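To start, the structure under review is shown below, and the notes come after it.
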Amino acid sequence: MKIKALFMISLCIFLFGGCKASNQEGDKNAGGEKAAQKTHKGLSIKGSDTMVHLTSSWAEEFMKINIGSEVSVTGGGSGTGIAALINATTDICAASREINDKELSLAAAKNLKPQGVAVALDGIAIIINQANPVSFLSQEELKKIFTGEFTNWKQLGGPDQAILVLSRESSSGTYVFFQEHVLSKADYTERAKLLPGTSAVVQSIATDKWAIGYVGLGFAQKAGKDIKTVAVRKDDKSSAVEPSVETVKAGLYPIARKLYFYIGEKLSAQTQQFVDFCLSDKGQAIVQETGYVTIK
Amino acid sequence: MLIGAASTSVLIVVLIFLFLGKEAAPFALTPGLSALFDSKWIPVSFQRERFGILPLLSGSALVTLLAMLITIPFSVLGAIYIAELAKPLEREILKPFIEILASIPSVVLGFFGLVVLAPLVKSFFGLNTGLNALTGAILLSIMAIPTVISISEDALNSVPHVYKRASLALGASQLQTIFRVTVPAALPGIIAAVMLGVGRVIGETMAVMMVTGNAAIITANPLDPVRTMTATIAAEMGEVPFGSVHYQALFCIGVVLLLVTFGLNVIGQQVLRRYGMRQ
């Protein structure tokens, strides 16, 4: 009897202990600011969800090279990251957009002058099946396709076939970027198929002749022979631009953006070291591996 | 000591219920439970985020229903054959293969569905994509059939031999004996097997996520894409901000899902108990 009771008690402790630990972890995620304040010796990076994968790849490599250094990466969005930088609760803010005037004046009120360093480029390629005769689309047409206004390739000078709209899951940073820049913040059509992961989008377009989807530039170039990218023109007057590393770098391709690190004026040695590392050849090689475009 | 070990699962079920409830509860305050009955699921939006689980519920229901329509005839007939008609050698071959089918990981089946099954469905119905509710249902029935066959076969085998002998002695043919005597006698067991199959189907995640197309629309057309509750949780939980309304909404889906499977289990158990077939 005694043994039984003892066992039950230890079981309870074990389970509740586990429960508590996971709660604490959650709290840390929620209040990343608090966590950043506590760990003075480590470097903290907060901001864009799109960049979380890239920054954590950098952080991992950086920690491998500089043994004993500690870099923590949290997402939350570019706005959250900039707010954290202004409140001095993070060392580096990762942002997938430029800092705006309102945020600059907020920073100025705290005697802070955030400096932006462009660390990588991000381009999104529109992909369709090789059998589809359409070769270029305007940004307006893309918007109409993905919001469900256009439902047939006929409306775009193609054959009389229904358009099959493919999208990433809503948890993807690319989903939000595409929504913001191409759909002008409108909602996707509810008939869009949300596929888990870039490879599922590529796979589906390779087999479905009349599908259209979007993927990061790095993936489009590796997609294989059944897939082709669509040239995009900004409006009716400008000419269509094929997505490529060159056109993204030259700023010609319209669905692209710079990814920034925002840092304060006075930098700790470690922050400087990390930014330098990201811009080094090794850091830029990681940019390529993770599917983005190098800045240099 | 032994009771302690055995009651661990009771404790875990209770704790899971508590945990899910705790995470989902804030949703009832803001924006309120009525938001769940919206007809649209748009968790990420610059316009207005909407957390209606109706399309997800109908998606799960459609896929499950279709899957059971395929599973029930296949597995009941299969079980009857294995239990009553198969020669010992056939049984020796069939049973291990059915068990192997049951043990294939769902991700592997999902990949099979994406690469093999979806193109087949697409060309058979002349669609422009094979990612729809029907493909998901076929894939799920492949997963449910082994479970349902095994349990139905057990039920058929546990029908007392005297029933069959009496029937045959009265001049009934073998088929008459099977469909008039053995199957009705084993029916509660078969129903319980089907219930367990439904539970398996409704809770399945990975394979469904890979082949159903995941568009959150309310539809009864098997050739439309659907988004199930399980796929929604799996796809969105990874990146959702901790403690946000979206996060709580996902936990609400979890609670609904748990209640549905819990209900199915209770019904299955009740059927078994009523007919005294509980082993």
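Going by the structure tokens order, chains are called A, B, ..., each with residues numbered from 1, while ligands are numbered from 1 in the order shown.
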Exercise answer, chain B residues close to chain A, 10 Å and only C-alpha atoms, as a ChimeraX atom specification: /B:1-5,7-8,11-12,15,19,40-49,114-115,118-119,122,127-132,206,209-218,224-227,231-232,234-244
Who sits within 10 Å of B:Val255, only C-alpha atoms, same chain under 6 positions skipped, as JSON, numbers by chain: {"B": [16, 17, 19, 20, 21, 23, 24, 249]}
Next, write the just-selected residues to a file, as a PDB file, in the first residue's frame, keeping N, CA and C atoms as the atom set.
ATOM      1  N   ILE B  16      -4.485  15.860 -19.931  1.00  0.00           N
ATOM      2  CA  ILE B  16      -4.586  16.412 -21.286  1.00  0.00           C
ATOM      3  C   ILE B  16      -5.841  17.264 -21.410  1.00  0.00           C
ATOM      4  N   PHE B  17      -6.945  16.748 -20.856  1.00  0.00           N
ATOM      5  CA  PHE B  17      -8.181  17.515 -20.887  1.00  0.00           C
ATOM      6  C   PHE B  17      -7.987  18.865 -20.186  1.00  0.00           C
ATOM      7  N   PHE B  19      -5.183  20.495 -19.615  1.00  0.00           N
ATOM      8  CA  PHE B  19      -4.246  21.348 -20.335  1.00  0.00           C
ATOM      9  C   PHE B  19      -4.905  21.993 -21.551  1.00  0.00           C
ATOM     10  N   LEU B  20      -5.598  21.172 -22.338  1.00  0.00           N
ATOM     11  CA  LEU B  20      -6.276  21.709 -23.522  1.00  0.00           C
ATOM     12  C   LEU B  20      -7.285  22.772 -23.109  1.00  0.00           C
ATOM     13  N   GLY B  21      -8.049  22.450 -22.069  1.00  0.00           N
ATOM     14  CA  GLY B  21      -9.072  23.389 -21.598  1.00  0.00           C
ATOM     15  C   GLY B  21      -8.455  24.697 -21.155  1.00  0.00           C
ATOM     16  N   GLU B  23      -5.617  26.076 -22.097  1.00  0.00           N
ATOM     17  CA  GLU B  23      -5.089  26.877 -23.199  1.00  0.00           C
ATOM     18  C   GLU B  23      -6.204  27.448 -24.073  1.00  0.00           C
ATOM     19  N   ALA B  24      -7.319  26.708 -24.151  1.00  0.00           N
ATOM     20  CA  ALA B  24      -8.397  27.135 -25.039  1.00  0.00           C
ATOM     21  C   ALA B  24      -9.333  28.121 -24.355  1.00  0.00           C
ATOM     22  N   ALA B 249      -7.436  29.442 -30.594  1.00  0.00           N
ATOM     23  CA  ALA B 249      -8.396  28.831 -31.523  1.00  0.00           C
ATOM     24  C   ALA B 249      -7.947  27.421 -31.891  1.00  0.00           C
TER      25      ALA B 249
END
Nearest residue to B:Ile145 from the set B:Leu101, B:Leu18, B:Leu54, B:Ala192 (distances using only C-alpha atoms):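 Checking each candidate against B:Ile145, we get B:Leu101 as the closest.
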Atom CA of B:Pro105 to atom CA of B:Pro146, distance in Å rounded to a single decimal: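 The value is 13.2 Å.
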Near-A:Gly291 list (7 Å; only C-alpha atoms; drop same-chain fewer than 6 positions) as a list in words: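 Near A:Gly291, the qualifying residues are Gly216, Leu217, Gly218 and Phe219 of chain A.
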With N, CA and C atoms kept, could you save the residues just selected as a short mmCIF file (atom, residue, chain, number, x, y, z; two decimals), in the first residue's frame?
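As written to disk, again.cif reads:
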data_model
loop_
_atom_site.label_atom_id
_atom_site.label_comp_id
_atom_site.auth_asym_id
_atom_site.auth_seq_id
_atom_site.Cartn_x
_atom_site.Cartn_y
_atom_site.Cartn_z
N GLY A 216 10.19 30.51 -52.73
CA GLY A 216 11.40 31.32 -52.61
C GLY A 216 12.27 31.10 -53.84
N LEU A 217 12.99 32.13 -54.21
CA LEU A 217 13.77 32.10 -55.45
C LEU A 217 14.73 30.91 -55.50
N GLY A 218 15.39 30.65 -54.37
CA GLY A 218 16.36 29.56 -54.32
C GLY A 218 15.75 28.22 -54.72
N PHE A 219 14.48 28.02 -54.29
CA PHE A 219 13.83 26.74 -54.60
C PHE A 219 13.41 26.66 -56.05
#
d(atom CA of A:Arg97, atom CA of A:Leu259) in Å: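 Spanning atom CA of A:Arg97 to atom CA of A:Leu259 is a straight-line distance of 6.7 Å.
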Backbone-only DSSP, alpha helix (DSSP H) members of stretch 145-260 of chain B, as a PyMOL selection string: chain B and resi 145-157+161-169+174-177+183-203+206-211+229-237+245-260
Length of the atom CA of A:Lys144 to atom CA of A:Val182 vector [Å]: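 Going from atom CA of A:Lys144 over to atom CA of A:Val182, I get 9.5 Å.
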Selection: 10 Å around A:Leu156, only C-alpha atoms, excl. self and same-chain fewer than 4 positions, as a VMD selection string: chain A and resid 134 136 to 138 141 145 150 to 152 160
Output the selection as a compact mmCIF listing (two decimals), in the first residue's frame - N, CA and C atoms for each residue.
# COMPACT_ATOMS: atom_id res chain seq x y z
N VAL A 134 1.43 30.48 -70.81
CA VAL A 134 1.59 31.83 -70.25
C VAL A 134 3.04 32.03 -69.84
N PHE A 136 4.36 35.53 -68.99
CA PHE A 136 4.55 36.65 -68.04
C PHE A 136 3.20 37.14 -67.53
N LEU A 137 3.22 37.72 -66.35
CA LEU A 137 2.01 38.23 -65.71
C LEU A 137 2.35 39.56 -65.05
N SER A 138 1.36 40.43 -64.94
CA SER A 138 1.61 41.66 -64.21
C SER A 138 1.25 41.44 -62.75
N GLU A 141 -2.40 41.28 -62.26
CA GLU A 141 -2.99 39.99 -62.64
C GLU A 141 -2.76 38.93 -61.56
N ILE A 145 -5.48 36.71 -59.56
CA ILE A 145 -5.47 35.24 -59.53
C ILE A 145 -5.55 34.75 -58.09
N PHE A 150 -9.77 36.22 -60.94
CA PHE A 150 -9.56 35.47 -62.18
C PHE A 150 -9.57 33.99 -61.83
N THR A 151 -10.38 33.19 -62.56
CA THR A 151 -10.43 31.78 -62.24
C THR A 151 -10.09 30.91 -63.45
N ASN A 152 -9.85 31.55 -64.59
CA ASN A 152 -9.58 30.78 -65.80
C ASN A 152 -8.39 31.37 -66.54
N ASP A 160 -8.54 27.67 -72.26
CA ASP A 160 -9.74 27.65 -71.43
C ASP A 160 -9.62 26.56 -70.36
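Counting only C-alpha atoms, A:Ser280 has the following residues at most 12 Å away, ignoring those fewer than 6 positions along the same chain: Trp58, Phe62, Val119, Ala120, Gln273, Phe274, Ile286, Val287, Thr294, Ile295 and Lys296 of chain A.
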Filtered DSSP result for stretch 126-159 of chain A, state strand (DSSP E or B), as a list in words: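 Those residues are Ile126, Ile127, Ile128, Asn129, Phe136, Leu137, Ser138 and Asn152 of chain A.
The shell of residues at most 9 Å from stretch 81-94 of chain B, with only C-alpha atoms counted and near chain neighbours (fewer than 6 positions) removed, consists of B:Ile149, B:Glu153, B:Asp154, B:Leu156, B:Asn157, B:Ile178.
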